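Undergrad: What follows is model.txt; its format and atoms are compact mmCIF, C-alpha atoms.
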```
# COMPACT_ATOMS: atom_id res chain seq x y z
CA MET A 99 14.74 -13.38 23.04
CA LYS A 100 12.44 -10.77 24.39
CA VAL A 101 13.79 -7.66 26.03
CA GLY A 102 12.90 -7.73 29.71
CA LYS A 103 9.84 -5.87 30.81
CA PRO A 104 10.67 -2.28 31.65
CA GLU A 105 9.37 -1.03 34.97
CA LYS A 106 7.39 1.74 33.39
CA LEU A 107 6.36 2.30 29.81
CA ILE A 108 5.64 5.97 30.39
CA VAL A 109 8.18 8.14 32.17
CA ASN A 110 7.49 11.82 32.95
CA GLY A 111 4.64 12.01 30.48
CA LYS A 112 6.80 10.71 27.62
CA ARG A 113 7.00 7.25 26.12
CA LEU A 114 10.15 5.13 26.25
CA ASP A 115 11.32 6.27 22.83
CA GLY A 116 10.69 9.91 23.73
CA ARG A 117 7.49 10.35 21.77
CA ALA A 118 4.37 12.18 22.88
CA PHE A 119 1.16 10.15 23.25
CA ASP A 120 -0.19 11.17 19.87
CA GLU A 121 3.05 11.10 17.92
CA LEU A 122 3.91 8.72 15.10
CA ARG A 123 7.32 7.19 14.56
CA PRO A 124 9.21 8.70 11.60
CA ILE A 125 7.91 7.22 8.35
CA LYS A 126 9.66 7.05 4.99
CA ILE A 127 7.89 5.70 1.92
CA LYS A 128 9.32 5.20 -1.55
CA ALA A 129 7.31 3.90 -4.49
CA GLY A 130 8.66 1.93 -7.43
CA VAL A 131 11.84 0.48 -5.95
CA LEU A 132 11.80 -2.86 -7.76
CA LYS A 133 12.39 -3.10 -11.48
CA ARG A 134 10.89 -6.50 -12.20
CA ALA A 135 7.67 -6.03 -10.25
CA ASP A 136 4.72 -4.19 -11.81
CA GLY A 137 4.54 -1.98 -8.75
CA SER A 138 6.51 -1.81 -5.54
CA CYS A 139 7.05 0.12 -2.35
CA TYR A 140 9.71 0.36 0.31
CA LEU A 141 8.62 1.59 3.69
CA GLU A 142 10.44 2.48 6.85
CA TRP A 143 8.26 3.05 9.88
CA GLY A 144 10.45 3.67 12.88
CA LYS A 145 12.70 0.62 12.82
CA ASN A 146 10.28 -1.40 10.72
CA LYS A 147 11.59 -2.02 7.23
CA ILE A 148 9.14 -3.45 4.74
CA ILE A 149 9.22 -4.07 1.02
CA ALA A 150 6.05 -4.78 -0.94
CA ALA A 151 5.77 -5.87 -4.57
CA CYS A 152 2.67 -6.09 -6.71
CA TYR A 153 2.31 -8.32 -9.75
CA GLY A 154 -0.67 -8.31 -11.98
CA PRO A 155 -3.41 -8.45 -12.93
CA ARG A 156 -2.05 -11.65 -14.39
CA GLU A 157 -3.03 -15.24 -15.11
CA VAL A 158 -4.19 -17.29 -12.13
CA HIS A 159 -2.22 -20.34 -11.09
CA PRO A 160 -3.62 -22.78 -9.98
CA ARG A 161 -6.38 -22.24 -12.50
CA HIS A 162 -9.26 -23.45 -10.34
CA LEU A 163 -8.90 -20.39 -8.11
CA ALA A 164 -9.95 -18.07 -10.93
CA ARG A 165 -13.35 -16.42 -10.58
CA PRO A 166 -15.35 -15.88 -13.76
CA ASP A 167 -16.67 -12.48 -12.67
CA ARG A 168 -13.70 -10.85 -10.95
CA ALA A 169 -10.02 -10.98 -10.21
CA ILE A 170 -8.69 -12.52 -7.05
CA LEU A 171 -6.42 -10.57 -4.76
CA ARG A 172 -3.70 -12.46 -2.94
CA CYS A 173 -1.53 -10.74 -0.38
CA VAL A 174 1.28 -12.70 1.19
CA TYR A 175 2.82 -11.40 4.39
CA LYS A 176 6.22 -12.85 5.11
CA MET A 177 8.80 -12.13 7.77
CA ALA A 178 12.45 -12.56 6.96
CA PRO A 179 14.33 -14.91 9.30
CA PHE A 180 16.58 -12.01 10.31
CA SER A 181 13.74 -9.56 10.92
CA VAL A 182 13.44 -10.23 14.64
CA LYS A 183 15.89 -10.67 17.51
CA GLU A 184 15.74 -14.45 17.57
CA ARG A 185 15.80 -16.10 14.14
CA LYS A 186 12.28 -16.55 12.85
CA LYS A 187 11.74 -19.94 11.31
CA PRO A 188 10.92 -19.28 7.67
CA GLY A 189 7.68 -20.45 6.14
CA PRO A 190 4.04 -19.78 6.79
CA ASP A 191 2.87 -19.85 10.37
CA ARG A 192 -0.32 -19.04 12.20
CA ARG A 193 0.53 -15.38 12.54
CA SER A 194 1.59 -14.66 8.95
CA VAL A 195 -1.38 -16.55 7.54
CA GLU A 196 -3.68 -14.38 9.66
CA LEU A 197 -1.94 -11.18 8.60
CA SER A 198 -2.06 -12.18 4.94
CA LYS A 199 -5.78 -12.74 5.32
CA VAL A 200 -6.60 -9.46 7.06
CA ILE A 201 -4.45 -7.44 4.67
CA THR A 202 -6.09 -9.10 1.66
CA GLU A 203 -9.53 -8.37 3.03
CA ALA A 204 -8.64 -4.78 3.85
CA LEU A 205 -7.53 -4.16 0.26
CA GLU A 206 -10.24 -6.21 -1.48
CA ASN A 207 -12.78 -3.51 -0.73
CA VAL A 208 -10.92 -0.75 -2.53
CA VAL A 209 -9.58 -2.55 -5.61
CA PHE A 210 -11.89 -2.74 -8.65
CA LEU A 211 -11.61 -6.50 -8.97
CA ASN A 212 -14.60 -6.76 -11.30
CA LEU A 213 -12.57 -5.16 -14.11
CA PHE A 214 -10.27 -8.16 -14.48
CA PRO A 215 -12.25 -11.39 -14.55
CA ARG A 216 -10.26 -14.63 -14.43
CA SER A 217 -7.07 -12.96 -13.33
CA ALA A 218 -5.09 -12.55 -10.14
CA ILE A 219 -3.40 -9.63 -8.44
CA ASP A 220 -0.55 -10.72 -6.20
CA VAL A 221 1.00 -8.59 -3.51
CA TYR A 222 4.07 -9.91 -1.72
CA ILE A 223 5.00 -8.20 1.51
CA GLU A 224 8.40 -8.90 2.96
CA VAL A 225 9.25 -7.70 6.47
CA LEU A 226 12.98 -7.11 6.57
CA GLN A 227 13.08 -5.70 10.06
CA ALA A 228 10.30 -5.64 12.64
CA GLU A 229 9.70 -3.35 15.55
CA GLY A 230 6.00 -3.73 16.33
CA GLY A 231 3.15 -2.47 14.20
CA THR A 232 4.15 -4.41 11.07
CA ARG A 233 0.49 -5.16 10.41
CA CYS A 234 -0.32 -1.52 9.74
CA ALA A 235 3.00 -0.86 8.04
CA SER A 236 2.49 -3.81 5.69
CA LEU A 237 -1.00 -2.71 4.75
CA THR A 238 0.26 0.81 4.06
CA ALA A 239 3.10 -0.49 1.90
CA ALA A 240 0.85 -2.95 0.06
CA SER A 241 -1.61 -0.26 -0.96
CA VAL A 242 1.19 1.97 -2.29
CA ALA A 243 2.55 -0.99 -4.28
CA LEU A 244 -0.91 -1.60 -5.78
CA ALA A 245 -1.26 2.06 -6.70
CA ASP A 246 2.21 2.04 -8.26
CA ALA A 247 1.22 -0.97 -10.35
CA GLY A 248 -1.64 1.01 -11.87
CA VAL A 249 -4.33 -1.25 -10.45
CA PRO A 250 -7.63 0.69 -10.39
CA MET A 251 -8.65 1.45 -6.81
CA LYS A 252 -11.21 3.62 -5.06
CA ASP A 253 -8.57 5.07 -2.79
CA LEU A 254 -5.44 4.07 -0.96
CA VAL A 255 -5.73 2.30 2.37
CA ALA A 256 -3.87 3.92 5.21
CA ALA A 257 -3.35 2.17 8.50
CA CYS A 258 -2.17 3.03 11.95
CA ALA A 259 -2.47 1.48 15.38
CA ALA A 260 -3.42 2.91 18.73
CA GLY A 261 -3.34 1.23 22.08
CA LYS A 262 -3.28 1.45 25.83
CA VAL A 263 -0.01 1.62 27.66
CA ASP A 264 0.24 2.17 31.44
CA GLY A 265 -3.37 3.34 31.44
CA GLU A 266 -2.84 5.94 28.73
CA ILE A 267 -4.19 5.83 25.18
CA VAL A 268 -1.24 6.21 22.83
CA LEU A 269 -0.71 6.24 19.07
CA ASP A 270 1.47 3.85 17.07
CA LEU A 271 2.81 1.30 19.55
CA PHE A 272 6.35 0.07 19.14
CA GLU A 273 7.77 -3.29 20.19
CA LEU A 274 7.93 -2.87 23.97
CA GLU A 275 4.55 -1.19 24.19
CA ASP A 276 3.11 -3.87 22.00
CA ASN A 277 4.52 -6.68 24.15
CA TYR A 278 3.89 -5.21 27.59
CA GLY A 279 1.10 -2.71 26.99
CA GLU A 280 -2.50 -3.41 27.87
CA ALA A 281 -4.13 -3.21 24.44
CA ASP A 282 -3.37 -2.79 20.76
CA LEU A 283 -5.87 -1.57 18.17
CA PRO A 284 -4.73 -1.61 14.54
CA VAL A 285 -7.03 0.34 12.23
CA GLY A 286 -7.03 0.54 8.43
CA ILE A 287 -9.12 3.21 6.77
CA VAL A 288 -10.14 4.43 3.34
CA PRO A 289 -9.42 8.11 3.91
CA ARG A 290 -11.73 9.61 1.29
CA THR A 291 -14.87 7.99 2.64
CA GLY A 292 -13.71 7.28 6.17
CA GLU A 293 -14.61 3.60 5.87
CA ILE A 294 -12.79 1.16 8.09
CA THR A 295 -11.35 -1.87 6.30
CA LEU A 296 -9.20 -3.30 9.07
CA LEU A 297 -10.00 -3.35 12.74
CA GLN A 298 -8.53 -5.73 15.25
CA MET A 299 -8.08 -5.57 18.97
CA ASP A 300 -5.62 -7.30 21.21
CA GLY A 301 -6.20 -6.79 24.93
CA ASN A 302 -9.02 -5.08 26.70
CA LEU A 303 -10.37 -1.56 26.43
CA THR A 304 -13.47 -0.01 27.92
CA ARG A 305 -15.99 1.50 25.57
CA GLU A 306 -14.73 5.04 26.18
CA GLU A 307 -11.13 3.98 25.79
CA PHE A 308 -11.95 2.16 22.58
CA GLU A 309 -13.60 5.22 21.08
CA LYS A 310 -10.70 7.42 22.08
CA ALA A 311 -8.17 4.95 20.66
CA LEU A 312 -10.13 4.58 17.40
CA ASP A 313 -10.24 8.34 16.92
CA LEU A 314 -6.54 8.59 17.61
CA ALA A 315 -5.71 5.74 15.19
CA ILE A 316 -7.80 7.33 12.45
CA LYS A 317 -5.97 10.63 12.97
CA GLY A 318 -2.68 8.77 12.68
CA ALA A 319 -3.81 6.95 9.55
CA LEU A 320 -4.68 10.26 7.92
CA GLN A 321 -1.12 11.43 8.51
CA VAL A 322 0.13 8.18 6.96
CA TYR A 323 -2.17 8.78 3.97
CA GLU A 324 -0.50 12.12 3.25
CA LEU A 325 2.89 10.39 3.25
CA GLN A 326 1.62 7.68 0.90
CA LYS A 327 0.37 10.31 -1.52
CA ALA A 328 3.64 12.22 -1.25
CA ALA A 329 5.58 9.06 -2.14
CA LEU A 330 3.47 8.47 -5.23
CA LYS A 331 3.68 12.13 -6.19
CA GLU A 332 7.43 11.92 -5.95
CA LYS A 333 7.48 9.13 -8.49
CA TYR A 334 4.76 10.29 -10.85
CA GLY A 335 5.09 14.03 -10.39
CA GLY A 336 2.53 16.46 -9.12
CA GLU A 337 1.57 19.46 -11.22
CA ASN A 338 4.00 19.13 -14.10
CA GLY A 339 3.99 15.48 -15.12
CA GLY A 340 7.16 14.23 -13.48
CA GLU A 341 8.98 11.13 -14.61
CA GLN A 342 7.13 8.32 -16.29
CA MET B 236 2.55 18.96 -19.45
CA LYS B 237 -0.81 17.77 -18.29
CA LYS B 238 -1.71 17.68 -14.66
CA VAL B 239 -1.35 14.31 -12.97
CA VAL B 240 -4.31 13.10 -10.97
CA PHE B 241 -4.02 10.64 -8.11
CA ILE B 242 -6.14 7.81 -6.84
CA GLY B 243 -9.32 9.01 -5.19
CA GLU B 244 -8.91 12.54 -6.51
CA GLU B 245 -12.11 14.30 -7.54
CA ILE B 246 -11.89 15.11 -11.24
CA ALA B 247 -15.39 16.16 -12.26
CA ASN B 248 -19.05 16.33 -11.40
CA LEU B 249 -21.53 13.86 -12.76
CA GLU B 250 -23.45 16.77 -14.36
CA GLU B 251 -20.40 17.63 -16.45
CA PHE B 252 -19.25 14.25 -17.74
CA LEU B 253 -19.86 10.55 -17.77
CA PRO B 254 -17.29 8.47 -15.94
CA GLY B 255 -14.98 6.87 -18.51
CA LYS B 256 -11.96 4.65 -18.23
CA ASN B 257 -10.07 4.46 -14.94
CA THR B 258 -12.62 6.59 -13.16
CA TYR B 259 -15.51 5.84 -10.87
CA GLU B 260 -18.61 7.62 -9.71
CA ASP B 261 -19.63 8.04 -6.12
CA ASN B 262 -22.39 10.26 -4.81
CA GLY B 263 -22.61 12.46 -7.91
CA LYS B 264 -18.89 13.01 -8.25
CA ILE B 265 -16.28 11.43 -10.49
CA TYR B 266 -12.99 10.26 -9.04
CA ALA B 267 -9.80 8.93 -10.60
CA SER B 268 -9.05 5.27 -9.89
CA THR B 269 -5.45 5.23 -11.11
CA ILE B 270 -2.56 7.65 -11.29
CA GLY B 271 -2.55 9.31 -14.68
CA THR B 272 -3.50 12.27 -16.81
CA ILE B 273 -7.02 13.39 -17.67
CA SER B 274 -8.35 13.10 -21.19
CA ILE B 275 -11.76 14.43 -22.12
CA ASP B 276 -13.88 13.01 -24.90
CA MET B 277 -16.26 15.87 -25.79
CA LYS B 278 -18.13 13.82 -28.38
CA GLU B 279 -19.30 11.27 -25.84
CA ARG B 280 -18.89 13.71 -22.94
CA LYS B 281 -16.73 11.22 -21.11
CA ILE B 282 -13.84 11.89 -18.81
CA ASN B 283 -11.03 9.32 -18.81
CA VAL B 284 -7.78 8.93 -16.97
CA ILE B 285 -4.82 7.75 -19.03
CA PRO B 286 -2.78 5.70 -16.58
CA LYS B 287 0.93 6.24 -16.01
CA ASN B 288 1.46 2.53 -15.51
CA ASP B 289 -0.81 0.92 -18.05
CA ILE B 290 -2.35 -2.55 -17.85
CA PRO B 291 -2.20 -3.84 -21.43
CA GLU B 292 -5.31 -4.67 -23.43
CA ILE B 293 -5.38 -6.25 -26.84
CA LYS B 294 -6.52 -3.99 -29.68
CA GLU B 295 -6.66 -4.07 -33.44
CA ASN B 296 -3.38 -3.38 -35.27
CA ASP B 297 -1.33 -4.34 -32.23
CA ILE B 298 1.91 -6.13 -33.00
CA VAL B 299 2.17 -9.19 -30.80
CA ILE B 300 4.59 -11.96 -30.03
CA GLY B 301 3.38 -15.49 -29.40
CA VAL B 302 4.13 -19.20 -29.36
CA VAL B 303 2.45 -21.66 -31.73
CA GLU B 304 0.37 -24.00 -29.62
CA GLU B 305 -1.56 -25.99 -32.18
CA VAL B 306 -1.25 -26.56 -35.91
CA LYS B 307 -4.49 -27.56 -37.64
CA GLU B 308 -5.33 -28.08 -41.28
CA LYS B 309 -6.73 -24.59 -41.90
CA PHE B 310 -5.37 -22.49 -39.03
CA ILE B 311 -2.88 -22.33 -36.17
CA ILE B 312 -3.51 -21.40 -32.56
CA VAL B 313 -1.05 -19.02 -30.93
CA ASN B 314 -0.54 -18.23 -27.28
CA ILE B 315 -0.06 -14.46 -27.26
CA LEU B 316 2.59 -13.42 -24.76
CA LYS B 317 3.18 -9.72 -25.17
CA LYS B 318 2.30 -6.77 -27.33
CA LYS B 319 4.60 -4.12 -28.68
CA GLY B 320 4.83 -1.07 -26.45
CA ALA B 321 3.55 -2.81 -23.33
CA LYS B 322 5.78 -3.05 -20.30
CA ARG B 323 4.10 -6.13 -18.91
CA SER B 324 2.05 -9.17 -19.84
CA PHE B 325 -1.72 -9.35 -20.28
CA PRO B 326 -4.11 -9.77 -17.32
CA LYS B 327 -5.18 -13.18 -18.62
CA LYS B 328 -4.21 -15.77 -21.17
CA ILE B 329 -4.95 -14.57 -24.69
CA THR B 330 -5.03 -16.99 -27.59
CA GLY B 331 -4.87 -15.99 -31.22
CA LEU B 332 -6.00 -17.70 -34.37
CA LEU B 333 -4.06 -17.37 -37.61
CA HIS B 334 -6.08 -18.58 -40.56
CA ILE B 335 -4.38 -20.16 -43.57
CA SER B 336 -5.57 -17.29 -45.79
CA LYS B 337 -3.85 -14.70 -43.57
CA ILE B 338 -0.40 -16.30 -43.52
CA LYS B 339 1.16 -14.82 -46.65
CA ASN B 340 0.46 -13.36 -50.06
CA GLY B 341 0.20 -16.46 -52.16
CA PHE B 342 -1.14 -19.96 -52.02
CA VAL B 343 -0.45 -22.11 -49.01
CA SER B 344 -0.86 -25.77 -49.85
CA ASP B 345 0.35 -27.17 -46.56
CA ILE B 346 0.23 -25.19 -43.33
CA ALA B 347 3.01 -27.37 -41.89
CA MET B 348 5.36 -25.76 -44.43
CA GLU B 349 4.73 -22.35 -42.77
CA PHE B 350 4.51 -22.94 -39.04
CA ASN B 351 5.34 -25.65 -36.59
CA LEU B 352 4.56 -26.32 -32.96
CA GLY B 353 6.70 -24.24 -30.59
CA ASP B 354 7.68 -21.58 -33.13
CA ILE B 355 7.88 -18.05 -31.80
CA ILE B 356 6.05 -15.73 -34.13
CA LEU B 357 5.45 -12.04 -34.67
CA ALA B 358 1.96 -11.15 -35.91
CA LYS B 359 -0.53 -8.34 -36.24
CA VAL B 360 -3.98 -8.35 -34.64
CA VAL B 361 -6.74 -8.07 -37.25
CA ASN B 362 -9.77 -8.53 -35.04
CA SER B 363 -9.58 -8.27 -31.28
CA LYS B 364 -13.28 -8.53 -30.55
CA ARG B 365 -13.43 -12.25 -31.17
CA THR B 366 -11.97 -14.96 -29.02
CA PRO B 367 -9.56 -16.29 -30.09
CA VAL B 368 -8.18 -13.02 -31.43
CA LEU B 369 -7.63 -13.06 -35.20
CA LEU B 370 -4.07 -12.59 -36.42
CA SER B 371 -2.28 -11.93 -39.68
CA THR B 372 1.30 -12.41 -40.86
CA MET B 373 0.83 -11.03 -44.38
CA GLU B 374 3.59 -8.41 -44.19
CA ASP B 375 7.30 -9.19 -44.47
CA ASP B 376 8.01 -8.14 -40.89
CA PHE B 377 5.72 -10.82 -39.55
CA GLY B 378 6.14 -14.55 -39.31
CA VAL B 379 8.46 -16.85 -37.45
CA ILE B 380 11.20 -15.07 -35.49
CA LYS B 381 12.56 -18.19 -33.91
CA ALA B 382 12.03 -21.85 -34.81
CA PHE B 383 13.25 -25.14 -33.45
CA CYS B 384 14.35 -28.28 -35.25
CA TYR B 385 11.56 -30.83 -35.65
CA ALA B 386 13.98 -33.69 -34.99
CA CYS B 387 16.26 -32.45 -32.23
CA ASN B 388 14.65 -29.21 -30.94
CA THR B 389 17.79 -27.12 -31.54
CA PRO B 390 17.17 -23.48 -32.54
CA LEU B 391 17.38 -23.20 -36.33
CA THR B 392 19.66 -20.72 -38.06
CA LEU B 393 18.70 -18.75 -41.15
CA ASN B 394 20.63 -19.60 -44.27
CA GLU B 395 19.48 -18.12 -47.61
CA ASN B 396 15.76 -18.22 -46.83
CA LYS B 397 16.09 -21.76 -45.49
CA LEU B 398 16.30 -22.75 -41.87
CA LYS B 399 19.07 -25.12 -41.05
CA CYS B 400 19.71 -27.13 -37.94
CA GLU B 401 23.34 -26.83 -36.89
CA ARG B 402 23.20 -30.05 -34.95
CA CYS B 403 21.59 -32.57 -37.26
CA GLY B 404 21.77 -30.75 -40.58
CA ARG B 405 18.03 -30.85 -41.16
CA VAL B 406 16.59 -28.11 -43.40
CA GLU B 407 13.12 -26.71 -42.72
CA VAL B 408 10.89 -24.10 -44.35
CA ARG B 409 8.72 -21.50 -42.64
CA LYS B 410 6.97 -18.20 -43.21
CA ILE B 411 10.01 -16.31 -41.98
CA SER B 412 9.90 -12.79 -40.62
CA LYS B 413 12.47 -10.23 -41.73
CA ASN B 414 13.63 -10.17 -38.13
CA TYR B 415 14.38 -13.89 -37.85
CA GLY B 416 17.01 -14.62 -35.24
CA LYS B 417 17.61 -10.94 -34.48
CA GLY B 418 15.44 -10.93 -31.40
CA ILE B 419 13.07 -8.10 -30.58
CA ASN B 420 13.91 -4.86 -28.95
CA TRP B 421 10.68 -3.48 -27.52
```
Starting from the file, lay out its structure as structure tokens.

TA:
Amino acid sequence: MKVGKPEKLIVNGKRLDGRAFDELRPIKIKAGVLKRADGSCYLEWGKNKIIAACYGPREVHPRHLARPDRAILRCVYKMAPFSVKERKKPGPDRRSVELSKVITEALENVVFLNLFPRSAIDVYIEVLQAEGGTRCASLTAASVALADAGVPMKDLVAACAAGKVDGEIVLDLFELEDNYGEADLPVGIVPRTGEITLLQMDGNLTREEFEKALDLAIKGALQVYELQKAALKEKYGGENGGEQ
Amino acid sequence: MKKVVFIGEEIANLEEFLPGKNTYEDNGKIYASTIGTISIDMKERKINVIPKNDIPEIKENDIVIGVVEEVKEKFIIVNILKKKGAKRSFPKKITGLLHISKIKNGFVSDIAMEFNLGDIILAKVVNSKRTPVLLSTMEDDFGVIKAFCYACNTPLTLNENKLKCERCGRVEVRKISKNYGKGINW
């Protein structure tokens, strides 16, 4: 059941949840929450609640998927039946297959897969509660889980979306803006080099609007990156070693 | 305590060191690729990162646990599951070979008197460069830590250096480890 379309998505220069145009929702990241996984991450992004677990590198099953020169990376995006207002039928669907694919491809470029031939790295992403922007939140959580698992990577991948709502370019769209806004532009970046590993667009933007939205999304992703690093620093300690 | 470096953190210049383990080079600079502490090898002038969450690799003198997969006339093949000190399993399937001459001090006339299919064994890695990895169970600590009855597949219990099946009364012999039936506490 979708919430009815609000008359306006921007009231008195503020968005419906009271944020400014370039403001992120509050984000909380915690690394290493699961004991049995090699690496894990719990992420709260506004009302989104996501848990990601990384296993591997480990043996590939089924065996024919193994590559002789590199590891394979498999990310699985899954939404819990209770994650949305109306029960989501469990099991893979068009949307989660697509998200699994784009998240895998966004992370493939930063993980040193060539170090582990004939093995697999599995990342399972479970969306416990969704409020728009789970694509970016999942990618953010998945890269923290990979880092927590000690998988060699070039850098973390940070993601954030921007979009167009009531003619304004805004950062980090939430559910209503996502459903009734004009455009959504999720962006995943490798912060150290500035490479873009995920870029999708839903809706229409002019060239100028697109450039403005991309810049805004990259700025947002850089803020997310700092939070990702802070979460890992909390677990592994900064200057003085920290806990194992 | 040593300083912890994070993924993508610049740790050295290419003029200073060669990139070692868990590091990578990009545009003349060396970056860490995992979270860990820096260790510098001045002899080879290499900079390495020792990861906080290590991915296990098999090395010589490692103590490993495995399951007997094949029993041949002159050797047995073992599926190595885990090594001592590692928190998780290996990145890929590792098989070990235990030659008849490396089973125990003394003459082995029949390998079937020492190991059987499905036995869980503790062994030491002698050579890790070859595939399969070469193993040894010469010391008293090594050998079978859990065996199953040939007739009824019940776990055998240790009784005065003999293994007895509680269910069918069958008695079997093995190269038994000191730790038989005690489990392992790694």

Undergrad: Find the spatial neighbours of Ala256 of chain A, counting only C-alpha atoms, within a cut-off of 7 Å - ignore same-chain residues fewer than 3 positions away - and output them as a PyMOL selection string.

TA: chain A and resi 238+286-288+319-320+322-323

Undergrad: Excluding same-chain residues fewer than 2 positions from Ala329 of chain A, what lies within 8 Å of it counting all atoms listed in the file, as a PyMOL selection string?

TA: chain A and resi 127-129+325-327+331-333

Undergrad: I need the contact residues of chain A against chain B, so if you could list those with any atom within 9 Å, counting all atoms listed in the file, and return them as an MDAnalysis selection string, that would help.

TA: chainID A and resid 136:137 154:158 209:210 214:219 245:254 290 327 330:331 334:340 342

Undergrad: Which one of A:Ala315, A:Ile223, A:Leu163, A:Ala260 sits closest to Leu244 of chain A if you count all atoms listed in the file?

TA: A:Ile223

Undergrad: Find the residues around Glu229 of chain A up to 8 Å (all atoms listed in the file counted), leave out those fewer than 4 positions away in its own chain, and share them as an NGL selection string.

TA: :A and (144-146 or 182 or 272-273)

Undergrad: Take the residues just selected and output them with C-alpha atoms as a PDB file, keeping the file's coordinate frame.

TA:
```
ATOM      1  CA  GLY A 144      10.450   3.670  12.880  1.00  0.00           C
ATOM      2  CA  LYS A 145      12.700   0.620  12.820  1.00  0.00           C
ATOM      3  CA  ASN A 146      10.280  -1.400  10.720  1.00  0.00           C
ATOM      4  CA  VAL A 182      13.440 -10.230  14.640  1.00  0.00           C
ATOM      5  CA  PHE A 272       6.350   0.070  19.140  1.00  0.00           C
ATOM      6  CA  GLU A 273       7.770  -3.290  20.190  1.00  0.00           C
TER       7      GLU A 273
END
```

Undergrad: Give me, please, the distance in Å between atom CA of Met348 of chain B and atom CA of Ile293 of chain B, quoted to one decimal.

TA: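 Taking atom CA of Met348 of chain B and atom CA of Ile293 of chain B, their separation equals 28.4 Å.
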
Undergrad: Excluding Pro367 of chain B and residues on its chain fewer than 3 positions from it, collect all residues at most 8 Å away from it, counting all atoms listed in the file, and give them as a list in words.

TA: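 Once the nearby chain positions are removed, what remains is Ile329, Thr330, Gly331 and Leu332 of chain B.
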
Undergrad: As a PyMOL selection string, please: the residues near Lys319 of chain B (cut-off 9 Å, all atoms listed in the file, same-chain neighbours under 2 positions excluded).

TA: chain B and resi 297-300+317+321-322+421

Undergrad: Put those residues in a file: C-alpha atoms, as a PDB file, in the frame of the given file.

TA:
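Final file, out.pdb:
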```
ATOM      1  CA  ASP B 297      -1.330  -4.340 -32.230  1.00  0.00           C
ATOM      2  CA  ILE B 298       1.910  -6.130 -33.000  1.00  0.00           C
ATOM      3  CA  VAL B 299       2.170  -9.190 -30.800  1.00  0.00           C
ATOM      4  CA  ILE B 300       4.590 -11.960 -30.030  1.00  0.00           C
ATOM      5  CA  LYS B 317       3.180  -9.720 -25.170  1.00  0.00           C
ATOM      6  CA  ALA B 321       3.550  -2.810 -23.330  1.00  0.00           C
ATOM      7  CA  LYS B 322       5.780  -3.050 -20.300  1.00  0.00           C
ATOM      8  CA  TRP B 421      10.680  -3.480 -27.520  1.00  0.00           C
TER       9      TRP B 421
END
```
